[in-house]
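Engineer: My questions will all concern the structure given below.
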There are 2 protein chains.
Amino acid sequence: MHKAAVERNNDVFAAQLVPVGRETVQDRVYSELRRALIGGLFEPSQVLTIRGLADALVTSTMPVREALGRLITEKALEALPNRSVRVPPITLERIDDLLRARILIEGEAISLAATRMGPRGIATVEALLREWDEVRALKQKKDIDREVTLNQSFHFEIYRACGSAVLIPMIESLWLQSGPCIRVAIYAFSEAGEVDTAHYHRSIVAALAAQNAQAAREALVADISRPFAFLRDKLQSRARTE
Amino acid sequence: MHKAAVERNNDVFAAQLVPVGRETVQDRVYSELRRALIGGLFEPSQVLTIRGLADALVTSTMPVREALGRLITEKALEALPNRSVRVPPITLERIDDLLRARILIEGEAISLAATRMGPRGIATVEALLREWDEVRALKQKKDIDREVTLNQSFHFEIYRACGSAVLIPMIESLWLQSGPCIRVAIYAFSEAGEVDTAHYHRSIVAALAAQNAQAAREALVADISRPFAFLRDKLQSRARTE
DNA sequence: TCAAAGCAAGTGTGATCACATATCAAAATC
DNA sequence: GATTTTGATATGTGATCACACTTGCTTTGA
């Protein structure tokens, strides 16, 4: 490295313990948008503009347009023929389609994980379960964002154990696509008095601890089907009344 | 629309029959790179540079960098910590990983297609089969590119019938990822005197015509497993001799 | 009063520039 | 002679500009 370059910008803040692979603005924007999408912070059918997001994220348009392009290829966003981009709208077909894909792929992932997850992995997800209980214990205010995050950590901690560098990105893409739908479902749960999600998660952990792949898959399918089924009913009844 | 704008660039070539949704340079570059990747025109581990591709495709760096970013999110390319990008290298684990995912997802897709593909769809894929035979009939020169393209058309014509807007992009992503591997396998076939691929394809069509989902799935699995198994053996024997 | 033309603000796309970093070979130092 | 330093070139990243297209509102004319 040039000595001049070192002197010019070797400020202590940038010189962290990561010698290579620094974080670019583009990556930051991409992660930010991903989090927002998975967390359901955007409404379905909401239109996003490059300059608007750039202002909100305090950068130029460059990193935003690249991040949007990437999200479009993942089907997390949708490019309209006008060249404007929006969050994909919810339809009955799309809900069923997404659920089927998630059952197929996440089911396979958890089957693999059931045989490959060691005691350490089990302990980790059990810790997440306890943390969940703590959050729910002080349920004075429903901290939906926190629950969404914990749910995500729980699932991906398991999927990570399947050891597939191909399946996991696909699951991430599926979560990205179902994020906006799920958010709607969660609000619906809040209105309708929700069933205990933790119960399903405990079944999953029990099956994993017993290395019972089939039971783990069935418990997982029940867990991810529930919000979809709820959302499906809601959409159908809305369609009937209109 | 501004009259001035109309006068300035309403040239007859641009004014095609597509009123909206014109093709951008970025889309062209992206498709071009996709084709090259699926066709296996890039070597595994090959490093790609933005400016190099921009020169080759006769544009500026702008469209190329966006296309590369999209391909990286699809795992069709790989971002090194140096921020340079390359075609992912082939490893034994990756081959098995890709094959498992393809069996899972393409198997599901063809199962759905078996019940939903009408006589018209069957006729289309049969036509592709005949075209394939014609190409193979004049086998004086092995037109590998043509065969790769026909193979791709055959498979995706079937998958399209499954009617899933979620599964099909995932399959495209899988093909993108296995493209470079497959190319290696095809060359290996050429060296070793290949088995007749058309035979497997005929089994698939027969099963589809009979609406036998299970048989279709099995025939498909045999079809896509073959090059992977071949490549796997090749890699293993190479590892042993080293 | 209503519809068509015109205009202005907003938006996506592509090109170019500036800069920090990466890479690699030549030169200098031990 | 081996290792380090130094410099030149190449490359990715982010910002900005120019331009074409879209959109919505205003103005104009029947």
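Letters for chains follow the order of the structure tokens (A, B, ...), residue numbers begin at 1 for each chain, and ligand numbers begin at 1 in the order shown.
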Could you list the residues in chain D lying within 12 Å of chain A, using only C-alpha atoms (C1' of nucleotides), and format the result as an mmCIF file with C-alpha atoms (C1' of nucleotides), in the first residue's frame?
Structural biologist:
data_model
loop_
_atom_site.group_PDB
_atom_site.id
_atom_site.type_symbol
_atom_site.label_atom_id
_atom_site.label_comp_id
_atom_site.auth_asym_id
_atom_site.auth_seq_id
_atom_site.Cartn_x
_atom_site.Cartn_y
_atom_site.Cartn_z
ATOM 1 C "C1'" DT D 4 10.734 -4.186 1.425
ATOM 2 C "C1'" DT D 5 9.535 0.067 -0.656
ATOM 3 C "C1'" DT D 6 7.822 2.620 -4.314
ATOM 4 C "C1'" DG D 7 5.447 3.842 -8.181
ATOM 5 C "C1'" DA D 8 2.321 3.095 -12.275
ATOM 6 C "C1'" DG D 12 -14.563 -0.633 -8.030
ATOM 7 C "C1'" DT D 13 -17.441 2.969 -5.819
ATOM 8 C "C1'" DG D 14 -20.003 7.087 -5.313
ATOM 9 C "C1'" DA D 15 -21.489 11.623 -7.064
ATOM 10 C "C1'" DT D 16 -23.137 14.420 -10.607
ATOM 11 C "C1'" DC D 21 -39.978 9.726 -20.672
ATOM 12 C "C1'" DT D 22 -43.931 9.992 -17.502
ATOM 13 C "C1'" DT D 23 -47.416 12.357 -15.002
#
Engineer: If you count only C-alpha atoms (C1' of nucleotides), which residues fall within 6 Å of Ala207 (chain A), apart from same-chain ones fewer than 5 positions away, as a PyMOL selection string?
Structural biologist: chain A and resi 212+215-216
Engineer: Give me a file of those residues, with C-alpha atoms, as a CSV table (one decimal), in the first residue's frame.
Structural biologist:
chain,number,residue,atom,x,y,z
A,212,ASN,CA,-36.8,-36.5,14.1
A,215,ALA,CA,-41.7,-34.4,13.0
A,216,ALA,CA,-39.6,-31.3,12.6
Engineer: Given the choices A:Val148, A:Leu37, A:Ile204, A:Leu68, which gets closest to chain C if the distance is worked out from only C-alpha atoms (C1' of nucleotides)?
Structural biologist: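 Among A:Val148, A:Leu37, A:Ile204, A:Leu68, it is A:Leu68 that comes nearest to chain C.
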Engineer: Hey, which bits of region 47-127 of chain A sit within 9 Å of region 155-179 of chain A, and for each residue what's the closest pair of atoms and how far apart in Å (one decimal), counting only C-alpha atoms, rows by chain and increasing number, as a Markdown table?
Structural biologist:
| residue | atom | partner | partner_atom | distance |
| --- | --- | --- | --- | --- |
| A:Leu71 | CA | A:Leu176 | CA | 8.8 |
| A:Glu74 | CA | A:Ser173 | CA | 6.1 |
| A:Lys75 | CA | A:Gln177 | CA | 6.5 |
| A:Ala76 | CA | A:Gln177 | CA | 4.8 |
| A:Leu77 | CA | A:Gln177 | CA | 7.9 |
| A:Pro88 | CA | A:Gln177 | CA | 8.2 |
| A:Ile95 | CA | A:Ser178 | CA | 8.0 |
| A:Leu98 | CA | A:Ser178 | CA | 6.9 |
| A:Leu99 | CA | A:Ser178 | CA | 8.6 |
| A:Ala101 | CA | A:Leu174 | CA | 7.9 |
| A:Arg102 | CA | A:Leu174 | CA | 6.8 |
| A:Ile105 | CA | A:Ile171 | CA | 7.1 |
| A:Glu106 | CA | A:Ile171 | CA | 6.7 |
| A:Glu108 | CA | A:Cys162 | CA | 8.8 |
| A:Ala109 | CA | A:Cys162 | CA | 5.6 |
| A:Ile110 | CA | A:Tyr159 | CA | 6.1 |
| A:Ser111 | CA | A:Cys162 | CA | 7.9 |
| A:Leu112 | CA | A:Cys162 | CA | 5.0 |
| A:Ala113 | CA | A:Cys162 | CA | 4.1 |
| A:Ala114 | CA | A:Cys162 | CA | 7.9 |
| A:Thr115 | CA | A:Cys162 | CA | 8.5 |
| A:Arg116 | CA | A:Ala161 | CA | 6.4 |
| A:Met117 | CA | A:Ala161 | CA | 5.6 |
| A:Gly118 | CA | A:Ala161 | CA | 8.6 |
| A:Gly121 | CA | A:Ala161 | CA | 7.6 |
| A:Ile122 | CA | A:Ile158 | CA | 8.5 |
| A:Thr124 | CA | A:Glu157 | CA | 7.9 |
| A:Val125 | CA | A:Glu157 | CA | 6.8 |
Engineer: I need the chosen residues saved as a PDB file, in the first residue's frame, with N, CA and C atoms.
Structural biologist:
ATOM      1  N   LEU A  71     -32.897  -6.092  -5.702  1.00  0.00           N
ATOM      2  CA  LEU A  71     -34.132  -6.553  -5.078  1.00  0.00           C
ATOM      3  C   LEU A  71     -35.174  -6.942  -6.128  1.00  0.00           C
ATOM      4  N   GLU A  74     -34.546 -10.412  -7.273  1.00  0.00           N
ATOM      5  CA  GLU A  74     -34.971 -11.395  -6.268  1.00  0.00           C
ATOM      6  C   GLU A  74     -36.480 -11.471  -6.148  1.00  0.00           C
ATOM      7  N   LYS A  75     -37.179 -10.712  -6.958  1.00  0.00           N
ATOM      8  CA  LYS A  75     -38.646 -10.650  -6.905  1.00  0.00           C
ATOM      9  C   LYS A  75     -39.140 -10.076  -5.585  1.00  0.00           C
ATOM     10  N   ALA A  76     -38.257  -9.405  -4.867  1.00  0.00           N
ATOM     11  CA  ALA A  76     -38.684  -8.745  -3.640  1.00  0.00           C
ATOM     12  C   ALA A  76     -39.373  -7.430  -3.989  1.00  0.00           C
ATOM     13  N   LEU A  77     -39.024  -6.886  -5.138  1.00  0.00           N
ATOM     14  CA  LEU A  77     -39.699  -5.715  -5.666  1.00  0.00           C
ATOM     15  C   LEU A  77     -40.081  -6.018  -7.106  1.00  0.00           C
ATOM     16  N   PRO A  88     -44.517  -5.697  -4.513  1.00  0.00           N
ATOM     17  CA  PRO A  88     -45.526  -6.502  -5.213  1.00  0.00           C
ATOM     18  C   PRO A  88     -46.836  -6.540  -4.436  1.00  0.00           C
ATOM     19  N   ILE A  95     -50.133 -15.719  -2.705  1.00  0.00           N
ATOM     20  CA  ILE A  95     -50.037 -16.266  -1.355  1.00  0.00           C
ATOM     21  C   ILE A  95     -49.866 -17.781  -1.393  1.00  0.00           C
ATOM     22  N   LEU A  98     -46.422 -18.680  -2.840  1.00  0.00           N
ATOM     23  CA  LEU A  98     -45.334 -18.472  -1.888  1.00  0.00           C
ATOM     24  C   LEU A  98     -45.343 -19.539  -0.801  1.00  0.00           C
ATOM     25  N   LEU A  99     -46.507 -19.830  -0.280  1.00  0.00           N
ATOM     26  CA  LEU A  99     -46.579 -20.819   0.799  1.00  0.00           C
ATOM     27  C   LEU A  99     -46.100 -22.188   0.316  1.00  0.00           C
ATOM     28  N   ALA A 101     -44.009 -22.870  -2.076  1.00  0.00           N
ATOM     29  CA  ALA A 101     -42.554 -22.854  -2.237  1.00  0.00           C
ATOM     30  C   ALA A 101     -41.858 -22.902  -0.880  1.00  0.00           C
ATOM     31  N   ARG A 102     -42.395 -22.166   0.084  1.00  0.00           N
ATOM     32  CA  ARG A 102     -41.745 -22.140   1.388  1.00  0.00           C
ATOM     33  C   ARG A 102     -41.835 -23.493   2.062  1.00  0.00           C
ATOM     34  N   ILE A 105     -39.203 -25.809   0.288  1.00  0.00           N
ATOM     35  CA  ILE A 105     -37.777 -25.566   0.466  1.00  0.00           C
ATOM     36  C   ILE A 105     -37.392 -25.512   1.941  1.00  0.00           C
ATOM     37  N   GLU A 106     -38.174 -24.787   2.735  1.00  0.00           N
ATOM     38  CA  GLU A 106     -37.838 -24.738   4.155  1.00  0.00           C
ATOM     39  C   GLU A 106     -38.061 -26.097   4.800  1.00  0.00           C
ATOM     40  N   GLU A 108     -37.460 -28.967   3.331  1.00  0.00           N
ATOM     41  CA  GLU A 108     -36.246 -29.720   3.007  1.00  0.00           C
ATOM     42  C   GLU A 108     -35.083 -29.285   3.893  1.00  0.00           C
ATOM     43  N   ALA A 109     -34.972 -27.960   4.070  1.00  0.00           N
ATOM     44  CA  ALA A 109     -33.856 -27.437   4.865  1.00  0.00           C
ATOM     45  C   ALA A 109     -33.913 -27.942   6.303  1.00  0.00           C
ATOM     46  N   ILE A 110     -35.103 -27.945   6.883  1.00  0.00           N
ATOM     47  CA  ILE A 110     -35.180 -28.366   8.279  1.00  0.00           C
ATOM     48  C   ILE A 110     -34.993 -29.878   8.403  1.00  0.00           C
ATOM     49  N   SER A 111     -35.356 -30.599   7.358  1.00  0.00           N
ATOM     50  CA  SER A 111     -35.105 -32.041   7.371  1.00  0.00           C
ATOM     51  C   SER A 111     -33.606 -32.314   7.437  1.00  0.00           C
ATOM     52  N   LEU A 112     -32.880 -31.595   6.610  1.00  0.00           N
ATOM     53  CA  LEU A 112     -31.433 -31.754   6.630  1.00  0.00           C
ATOM     54  C   LEU A 112     -30.865 -31.293   7.965  1.00  0.00           C
ATOM     55  N   ALA A 113     -31.390 -30.183   8.472  1.00  0.00           N
ATOM     56  CA  ALA A 113     -30.862 -29.630   9.718  1.00  0.00           C
ATOM     57  C   ALA A 113     -31.089 -30.589  10.881  1.00  0.00           C
ATOM     58  N   ALA A 114     -32.201 -31.323  10.823  1.00  0.00           N
ATOM     59  CA  ALA A 114     -32.545 -32.209  11.951  1.00  0.00           C
ATOM     60  C   ALA A 114     -31.442 -33.223  12.229  1.00  0.00           C
ATOM     61  N   THR A 115     -30.795 -33.679  11.154  1.00  0.00           N
ATOM     62  CA  THR A 115     -29.753 -34.691  11.350  1.00  0.00           C
ATOM     63  C   THR A 115     -28.381 -34.065  11.570  1.00  0.00           C
ATOM     64  N   ARG A 116     -28.259 -32.783  11.220  1.00  0.00           N
ATOM     65  CA  ARG A 116     -26.924 -32.179  11.271  1.00  0.00           C
ATOM     66  C   ARG A 116     -26.740 -31.189  12.407  1.00  0.00           C
ATOM     67  N   MET A 117     -27.812 -30.854  13.115  1.00  0.00           N
ATOM     68  CA  MET A 117     -27.680 -29.832  14.146  1.00  0.00           C
ATOM     69  C   MET A 117     -27.232 -30.469  15.450  1.00  0.00           C
ATOM     70  N   GLY A 118     -26.097 -30.053  15.910  1.00  0.00           N
ATOM     71  CA  GLY A 118     -25.540 -30.613  17.133  1.00  0.00           C
ATOM     72  C   GLY A 118     -26.174 -30.015  18.373  1.00  0.00           C
ATOM     73  N   GLY A 121     -26.144 -26.207  18.532  1.00  0.00           N
ATOM     74  CA  GLY A 121     -27.181 -25.538  17.754  1.00  0.00           C
ATOM     75  C   GLY A 121     -28.515 -25.565  18.496  1.00  0.00           C
ATOM     76  N   ILE A 122     -28.846 -26.711  19.054  1.00  0.00           N
ATOM     77  CA  ILE A 122     -30.091 -26.844  19.825  1.00  0.00           C
ATOM     78  C   ILE A 122     -30.110 -25.831  20.961  1.00  0.00           C
ATOM     79  N   THR A 124     -28.609 -23.031  21.136  1.00  0.00           N
ATOM     80  CA  THR A 124     -28.774 -21.668  20.627  1.00  0.00           C
ATOM     81  C   THR A 124     -30.240 -21.338  20.368  1.00  0.00           C
ATOM     82  N   VAL A 125     -30.934 -22.243  19.708  1.00  0.00           N
ATOM     83  CA  VAL A 125     -32.339 -21.951  19.399  1.00  0.00           C
ATOM     84  C   VAL A 125     -33.182 -21.978  20.673  1.00  0.00           C
TER      85      VAL A 125
END
Engineer: Within 9 Å of chain A, which residues of chain C show up when using only C-alpha atoms (C1' of nucleotides), listed as a list of chain:residue names?
Structural biologist: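 Result, ordered by chain then number: C:DT11, C:DG12, C:DA20, C:DT21, C:DA22.
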Engineer: Looking at only C-alpha atoms, which of A:Val184, A:Leu208, A:Leu104, A:Val135 is the one that sits closest to chain B?
Structural biologist: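 Using only C-alpha atoms, chain B sits closest to A:Leu104.
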Engineer: For region 17-19 of chain D, please output as a VMD selection string all residues within 9 Å (counting only C-alpha atoms (C1' of nucleotides); exclusion window: fewer than 6 positions along the same chain).
Structural biologist: chain C and resid 13 15 to 16
Engineer: Find the residues near Phe42 (chain A): any atom within 8 Å, counting only C-alpha atoms (C1' of nucleotides), skip ones fewer than 4 places away on the same chain, and give them as number ranges by chain.
Structural biologist: A: 36-37, 46, 87, 180
Engineer: For the selection just defined, write its residues with N, CA and C atoms to a file, as a compact mmCIF listing (two decimals), in the first residue's frame.
Structural biologist:
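That gives us selection20.txt:
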# COMPACT_ATOMS: atom_id res chain seq x y z
N ALA A 36 -36.18 -3.75 5.94
CA ALA A 36 -37.50 -3.11 5.88
C ALA A 36 -38.51 -4.01 5.20
N LEU A 37 -38.07 -4.69 4.16
CA LEU A 37 -38.97 -5.56 3.38
C LEU A 37 -39.38 -6.78 4.19
N GLN A 46 -46.95 -0.46 -2.64
CA GLN A 46 -46.33 0.85 -2.43
C GLN A 46 -45.25 1.10 -3.48
N VAL A 87 -43.55 -2.36 -4.33
CA VAL A 87 -43.66 -3.59 -3.59
C VAL A 87 -44.76 -4.42 -4.24
N PRO A 180 -43.89 -8.53 3.11
CA PRO A 180 -45.04 -7.63 3.14
C PRO A 180 -46.35 -8.34 3.45
Engineer: Any idea what the distance is between CA of Leu53 (chain B) and CA of Gly40 (chain B)?
Structural biologist: 16.2 Å
